[in-house]
Amino acid sequence: MTLVREPREADLGAIGDAHVAAIEAFGPDAYDDEAVAAWAATDRPPAERYDLDDGYWVVAERSGELAGFGHLDPGGGEVVAVYVHPDHARRGVGSALLAGLEGYARGVGAPKLTLTASRNAVAFYERTGYERRGPVAHETSAGVELDCVEMAKRL
């Protein structure tokens, strides 16, 4: 069973671990090694990379482990991130995280949400009702551009 909740400061390390593990596990499905390494790279500690006071965040737990996280910019109507640790992938964790973000967005009156999907995540978002709006580039903190897809969903 997946429990979705708001994160605590103590979760920051596990959030960082899930983020990097997901990129390294699933990124190669859509990007070359250089792009994956740049996407996963950071020189910032978790407390700076994951500012829990910026927007709305959720984490998912399975069997007492942090299984993934999601981040929403409610003011901008944007899903910033949904990442699932590969040990918990394909078990409904991503869908549960996304549902938590969408529920919050509905609660604050957002009429729609947008997001920038990595190529390996497009099918997941399409299954949850998001529609492609077009190609877009995402620049990693290492300065490498990833080809992505802008997507949107009416709530």
# chains A, B, ... in the order shown; residues from 1 in each chain; ligands from 1
>>> closest_atom_pairs(of="range 80-149 of chain A", to="range 1-19 of chain A", cutoff="8 Å", atoms="only C-alpha atoms", output="CSV")
residue,atom,partner,partner_atom,distance
A:Tyr83,CA,A:His19,CA,5.9
A:Val84,CA,A:Ala18,CA,6.4
A:His85,CA,A:Ala18,CA,4.6
A:Pro86,CA,A:Ala18,CA,7.8
A:Gly92,CA,A:Thr2,CA,7.9
A:Val93,CA,A:Thr2,CA,6.6
A:Ala96,CA,A:Val4,CA,6.9
A:Leu97,CA,A:Val4,CA,6.6
A:Gly100,CA,A:Val4,CA,7.1
>>> select_by_dssp(residues="range 37-139 of chain A", states="strand (DSSP E)", output="PyMOL selection string")
chain A and resi 56-62+65-73+78-84+112-118+131-139
>>> write_last_selection(atoms="N, CA and C atoms", output="CSV table (one decimal), in the first residue's frame")
chain,number,residue,atom,x,y,z
A,56,TYR,N,4.2,23.2,-3.2
A,56,TYR,CA,3.6,22.1,-2.5
A,56,TYR,C,4.4,20.8,-2.9
A,57,TRP,N,4.7,20.0,-1.8
A,57,TRP,CA,5.5,18.8,-2.0
A,57,TRP,C,4.7,17.6,-1.4
A,58,VAL,N,4.9,16.5,-2.0
A,58,VAL,CA,4.4,15.2,-1.4
A,58,VAL,C,5.5,14.2,-1.5
A,59,VAL,N,5.4,13.2,-0.6
A,59,VAL,CA,6.3,12.0,-0.7
A,59,VAL,C,5.4,10.8,-0.6
A,60,ALA,N,5.8,9.7,-1.2
A,60,ALA,CA,5.1,8.4,-1.1
A,60,ALA,C,6.0,7.4,-0.3
A,61,GLU,N,5.3,6.7,0.6
A,61,GLU,CA,5.9,5.7,1.4
A,61,GLU,C,5.3,4.3,1.0
A,62,ARG,N,6.2,3.3,0.9
A,62,ARG,CA,5.7,1.9,0.8
A,62,ARG,C,6.6,1.1,1.7
A,65,GLU,N,9.4,2.8,3.5
A,65,GLU,CA,10.5,3.4,2.8
A,65,GLU,C,10.0,4.5,1.9
A,66,LEU,N,10.8,5.6,1.7
A,66,LEU,CA,10.4,6.7,0.8
A,66,LEU,C,10.5,6.1,-0.6
A,67,ALA,N,9.4,6.1,-1.3
A,67,ALA,CA,9.3,5.5,-2.6
A,67,ALA,C,9.3,6.5,-3.7
A,68,GLY,N,9.1,7.8,-3.4
A,68,GLY,CA,9.1,8.8,-4.5
A,68,GLY,C,8.6,10.1,-3.9
A,69,PHE,N,8.7,11.1,-4.8
A,69,PHE,CA,8.2,12.5,-4.4
A,69,PHE,C,7.6,13.2,-5.5
A,70,GLY,N,6.9,14.2,-5.2
A,70,GLY,CA,6.3,15.1,-6.2
A,70,GLY,C,6.3,16.6,-5.7
A,71,HIS,N,6.4,17.5,-6.7
A,71,HIS,CA,6.5,18.9,-6.4
A,71,HIS,C,5.6,19.7,-7.3
A,72,LEU,N,4.9,20.6,-6.8
A,72,LEU,CA,3.9,21.4,-7.5
A,72,LEU,C,4.2,22.9,-7.3
A,73,ASP,N,4.1,23.7,-8.3
A,73,ASP,CA,4.1,25.1,-8.2
A,73,ASP,C,2.6,25.5,-8.4
A,78,GLU,N,1.9,24.4,-12.3
A,78,GLU,CA,2.9,23.5,-12.9
A,78,GLU,C,3.3,22.4,-12.0
A,79,VAL,N,3.2,21.2,-12.5
A,79,VAL,CA,3.8,20.0,-11.9
A,79,VAL,C,5.3,20.1,-12.2
A,80,VAL,N,6.1,20.4,-11.1
A,80,VAL,CA,7.5,20.5,-11.3
A,80,VAL,C,8.3,19.2,-11.4
A,81,ALA,N,7.8,18.2,-10.6
A,81,ALA,CA,8.5,16.9,-10.5
A,81,ALA,C,7.6,15.8,-10.0
A,82,VAL,N,7.8,14.7,-10.6
A,82,VAL,CA,7.3,13.4,-10.0
A,82,VAL,C,8.3,12.4,-10.3
A,83,TYR,N,8.9,11.8,-9.3
A,83,TYR,CA,10.0,10.9,-9.4
A,83,TYR,C,9.7,9.7,-8.5
A,84,VAL,N,9.9,8.5,-9.0
A,84,VAL,CA,9.7,7.3,-8.2
A,84,VAL,C,11.0,6.5,-8.2
A,112,LYS,N,-6.1,24.1,-14.6
A,112,LYS,CA,-5.4,23.2,-15.3
A,112,LYS,C,-4.0,23.1,-14.8
A,113,LEU,N,-3.2,22.1,-15.2
A,113,LEU,CA,-1.8,22.0,-14.8
A,113,LEU,C,-1.0,21.7,-16.1
A,114,THR,N,0.2,22.2,-16.1
A,114,THR,CA,1.1,22.0,-17.1
A,114,THR,C,2.4,21.3,-16.5
A,115,LEU,N,3.2,20.7,-17.4
A,115,LEU,CA,4.4,20.1,-16.9
A,115,LEU,C,5.3,19.9,-18.1
A,116,THR,N,6.6,19.8,-17.8
A,116,THR,CA,7.6,19.4,-18.8
A,116,THR,C,8.0,18.0,-18.5
A,117,ALA,N,7.7,17.1,-19.4
A,117,ALA,CA,7.9,15.7,-19.3
A,117,ALA,C,9.2,15.3,-20.0
A,118,SER,N,10.0,14.5,-19.3
A,118,SER,CA,11.2,13.9,-20.0
A,118,SER,C,10.6,12.9,-21.0
A,131,GLU,N,-2.1,15.9,-22.0
A,131,GLU,CA,-2.0,15.9,-23.5
A,131,GLU,C,-0.7,16.7,-23.9
A,132,ARG,N,-0.1,16.2,-25.0
A,132,ARG,CA,1.1,16.9,-25.5
A,132,ARG,C,0.7,18.2,-26.0
A,133,ARG,N,1.6,19.2,-25.7
A,133,ARG,CA,1.4,20.6,-26.3
A,133,ARG,C,2.6,20.9,-27.3
A,134,GLY,N,3.7,20.2,-27.2
A,134,GLY,CA,4.8,20.4,-28.1
A,134,GLY,C,6.1,20.1,-27.4
A,135,PRO,N,7.1,20.1,-28.3
A,135,PRO,CA,8.5,19.9,-27.8
A,135,PRO,C,9.0,21.1,-27.0
A,136,VAL,N,9.9,20.9,-26.1
A,136,VAL,CA,10.5,21.9,-25.3
A,136,VAL,C,11.8,21.4,-24.8
A,137,ALA,N,12.8,22.3,-24.6
A,137,ALA,CA,14.1,21.9,-24.1
A,137,ALA,C,14.1,22.2,-22.6
A,138,HIS,N,14.7,21.3,-21.8
A,138,HIS,CA,15.0,21.6,-20.4
A,138,HIS,C,16.5,21.6,-20.2
A,139,GLU,N,17.0,22.7,-19.6
A,139,GLU,CA,18.4,22.8,-19.3
A,139,GLU,C,18.7,22.3,-18.0
>>> select_by_dssp(residues="chain A", states="alpha helix (DSSP H)", output="ChimeraX atom specification")
/A:12-26,33-40,46-49,93-107,122-127
>>> write_last_selection(atoms="N, CA and C atoms", output="compact mmCIF listing (two decimals), in the first residue's frame")
# COMPACT_ATOMS: atom_id res chain seq x y z
N LEU A 12 14.76 14.65 3.31
CA LEU A 12 15.52 15.26 2.22
C LEU A 12 16.55 14.33 1.60
N GLY A 13 17.29 13.60 2.41
CA GLY A 13 18.29 12.68 1.86
C GLY A 13 17.65 11.61 1.01
N ALA A 14 16.55 11.03 1.48
CA ALA A 14 15.86 9.98 0.73
C ALA A 14 15.22 10.55 -0.54
N ILE A 15 14.77 11.80 -0.50
CA ILE A 15 14.24 12.44 -1.71
C ILE A 15 15.35 12.54 -2.75
N GLY A 16 16.52 13.00 -2.32
CA GLY A 16 17.67 13.09 -3.23
C GLY A 16 18.06 11.74 -3.80
N ASP A 17 18.06 10.71 -2.94
CA ASP A 17 18.40 9.36 -3.39
C ASP A 17 17.39 8.86 -4.43
N ALA A 18 16.10 9.07 -4.17
CA ALA A 18 15.07 8.63 -5.11
C ALA A 18 15.19 9.37 -6.44
N HIS A 19 15.48 10.66 -6.37
CA HIS A 19 15.61 11.49 -7.57
C HIS A 19 16.72 10.93 -8.48
N VAL A 20 17.91 10.78 -7.92
CA VAL A 20 19.04 10.31 -8.71
C VAL A 20 18.83 8.87 -9.18
N ALA A 21 18.34 8.02 -8.31
CA ALA A 21 18.11 6.62 -8.69
C ALA A 21 17.12 6.52 -9.85
N ALA A 22 16.05 7.32 -9.82
CA ALA A 22 15.06 7.29 -10.90
C ALA A 22 15.67 7.76 -12.21
N ILE A 23 16.45 8.83 -12.16
CA ILE A 23 17.09 9.33 -13.39
C ILE A 23 18.03 8.29 -13.95
N GLU A 24 18.86 7.70 -13.09
CA GLU A 24 19.85 6.73 -13.57
C GLU A 24 19.19 5.44 -14.07
N ALA A 25 18.05 5.07 -13.50
CA ALA A 25 17.37 3.84 -13.92
C ALA A 25 16.55 4.03 -15.20
N PHE A 26 15.84 5.15 -15.29
CA PHE A 26 14.89 5.32 -16.40
C PHE A 26 15.35 6.29 -17.47
N ASP A 33 24.17 8.65 -22.33
CA ASP A 33 24.85 8.65 -21.02
C ASP A 33 25.22 10.05 -20.55
N GLU A 34 25.67 10.91 -21.46
CA GLU A 34 26.06 12.27 -21.09
C GLU A 34 24.85 13.05 -20.56
N ALA A 35 23.72 12.93 -21.23
CA ALA A 35 22.52 13.64 -20.80
C ALA A 35 22.04 13.12 -19.45
N VAL A 36 22.06 11.81 -19.25
CA VAL A 36 21.62 11.24 -17.98
C VAL A 36 22.52 11.71 -16.84
N ALA A 37 23.83 11.69 -17.07
CA ALA A 37 24.77 12.14 -16.04
C ALA A 37 24.54 13.61 -15.70
N ALA A 38 24.31 14.44 -16.70
CA ALA A 38 24.07 15.87 -16.46
C ALA A 38 22.76 16.09 -15.72
N TRP A 39 21.74 15.31 -16.06
CA TRP A 39 20.43 15.41 -15.42
C TRP A 39 20.53 15.05 -13.94
N ALA A 40 21.28 14.02 -13.64
CA ALA A 40 21.40 13.54 -12.25
C ALA A 40 22.37 14.37 -11.42
N PRO A 46 21.00 18.41 -0.40
CA PRO A 46 19.56 18.22 -0.53
C PRO A 46 18.71 19.38 0.01
N ALA A 47 19.11 20.00 1.12
CA ALA A 47 18.31 21.08 1.69
C ALA A 47 18.22 22.27 0.75
N GLU A 48 19.19 22.44 -0.13
CA GLU A 48 19.14 23.53 -1.12
C GLU A 48 18.46 23.08 -2.40
N ARG A 49 18.67 21.85 -2.79
CA ARG A 49 18.10 21.34 -4.04
C ARG A 49 16.59 21.15 -3.92
N VAL A 93 2.88 4.13 -7.54
CA VAL A 93 3.44 5.21 -6.74
C VAL A 93 3.38 6.54 -7.49
N GLY A 94 3.79 6.55 -8.75
CA GLY A 94 3.74 7.78 -9.53
C GLY A 94 2.33 8.31 -9.67
N SER A 95 1.39 7.42 -9.91
CA SER A 95 -0.01 7.83 -10.03
C SER A 95 -0.53 8.40 -8.71
N ALA A 96 -0.13 7.80 -7.59
CA ALA A 96 -0.55 8.30 -6.28
C ALA A 96 0.04 9.67 -5.99
N LEU A 97 1.31 9.86 -6.33
CA LEU A 97 1.95 11.16 -6.14
C LEU A 97 1.25 12.23 -7.00
N LEU A 98 1.03 11.91 -8.26
CA LEU A 98 0.40 12.86 -9.17
C LEU A 98 -1.02 13.19 -8.70
N ALA A 99 -1.75 12.20 -8.23
CA ALA A 99 -3.11 12.44 -7.72
C ALA A 99 -3.06 13.37 -6.52
N GLY A 100 -2.07 13.22 -5.66
CA GLY A 100 -1.93 14.12 -4.52
C GLY A 100 -1.67 15.56 -4.94
N LEU A 101 -0.82 15.74 -5.93
CA LEU A 101 -0.54 17.08 -6.44
C LEU A 101 -1.77 17.68 -7.11
N GLU A 102 -2.46 16.88 -7.92
CA GLU A 102 -3.65 17.36 -8.62
C GLU A 102 -4.76 17.70 -7.64
N GLY A 103 -4.92 16.90 -6.60
CA GLY A 103 -5.94 17.19 -5.59
C GLY A 103 -5.68 18.52 -4.90
N TYR A 104 -4.42 18.77 -4.58
CA TYR A 104 -4.06 20.05 -3.96
C TYR A 104 -4.36 21.19 -4.94
N ALA A 105 -3.96 21.02 -6.19
CA ALA A 105 -4.18 22.07 -7.20
C ALA A 105 -5.67 22.37 -7.36
N ARG A 106 -6.50 21.33 -7.38
CA ARG A 106 -7.95 21.55 -7.46
C ARG A 106 -8.43 22.33 -6.25
N GLY A 107 -7.91 21.97 -5.09
CA GLY A 107 -8.32 22.62 -3.85
C GLY A 107 -8.00 24.10 -3.79
N VAL A 122 6.67 10.54 -20.84
CA VAL A 122 5.51 11.01 -21.61
C VAL A 122 4.35 10.02 -21.56
N ALA A 123 4.62 8.75 -21.76
CA ALA A 123 3.54 7.75 -21.78
C ALA A 123 2.82 7.69 -20.43
N PHE A 124 3.58 7.80 -19.33
CA PHE A 124 2.96 7.83 -18.00
C PHE A 124 1.97 8.99 -17.90
N TYR A 125 2.40 10.17 -18.28
CA TYR A 125 1.52 11.34 -18.16
C TYR A 125 0.32 11.23 -19.10
N GLU A 126 0.53 10.68 -20.29
CA GLU A 126 -0.61 10.49 -21.19
C GLU A 126 -1.64 9.55 -20.57
N ARG A 127 -1.18 8.49 -19.92
CA ARG A 127 -2.12 7.55 -19.27
C ARG A 127 -2.91 8.22 -18.15
>>> atom_distance(atom1="CA of Ser63 in chain A", atom2="CA of Asp87 in chain A")
11.6 Å
>>> closest_residue(among="A:Gly143, A:Gly129, A:Gly109, A:Gly76", to="Asp54 in chain A", atoms="only C-alpha atoms")
A:Gly76
>>> atom_distance(atom1="CA of Arg154 in chain A", atom2="CA of Tyr31 in chain A")
29.0 Å
>>> closest_residue(among="A:Leu155, A:Ala41, A:Ala89, A:Thr128", to="Thr140 in chain A", atoms="only C-alpha atoms")
A:Ala41
>>> decode(residues="range 5-46 of chain A", atoms="C-alpha atoms", output="CSV table (one decimal), in the first residue's frame")
chain,number,residue,atom,x,y,z
A,5,ARG,CA,2.0,12.6,2.8
A,6,GLU,CA,3.7,15.9,3.1
A,7,PRO,CA,7.5,15.6,3.5
A,8,ARG,CA,9.6,16.4,6.6
A,9,GLU,CA,13.1,17.8,6.7
A,10,ALA,CA,14.3,14.3,7.6
A,11,ASP,CA,13.1,13.1,4.2
A,12,LEU,CA,15.5,15.3,2.2
A,13,GLY,CA,18.3,12.7,1.9
A,14,ALA,CA,15.9,10.0,0.7
A,15,ILE,CA,14.2,12.4,-1.7
A,16,GLY,CA,17.7,13.1,-3.2
A,17,ASP,CA,18.4,9.4,-3.4
A,18,ALA,CA,15.1,8.6,-5.1
A,19,HIS,CA,15.6,11.5,-7.6
A,20,VAL,CA,19.0,10.3,-8.7
A,21,ALA,CA,18.1,6.6,-8.7
A,22,ALA,CA,15.1,7.3,-10.9
A,23,ILE,CA,17.1,9.3,-13.4
A,24,GLU,CA,19.8,6.7,-13.6
A,25,ALA,CA,17.4,3.8,-13.9
A,26,PHE,CA,14.9,5.3,-16.4
A,27,GLY,CA,16.8,8.1,-18.1
A,28,PRO,CA,18.8,5.8,-20.4
A,29,ASP,CA,15.4,4.7,-21.9
A,30,ALA,CA,15.3,8.1,-23.6
A,31,TYR,CA,18.7,9.9,-23.4
A,32,ASP,CA,22.4,9.1,-23.9
A,33,ASP,CA,24.8,8.6,-21.0
A,34,GLU,CA,26.1,12.3,-21.1
A,35,ALA,CA,22.5,13.6,-20.8
A,36,VAL,CA,21.6,11.2,-18.0
A,37,ALA,CA,24.8,12.1,-16.0
A,38,ALA,CA,24.1,15.9,-16.5
A,39,TRP,CA,20.4,15.4,-15.4
A,40,ALA,CA,21.4,13.5,-12.3
A,41,ALA,CA,24.3,15.8,-11.3
A,42,THR,CA,24.2,18.4,-8.6
A,43,ASP,CA,26.7,20.2,-6.4
A,44,ARG,CA,24.0,21.4,-4.0
A,45,PRO,CA,23.1,19.6,-0.7
A,46,PRO,CA,19.6,18.2,-0.5
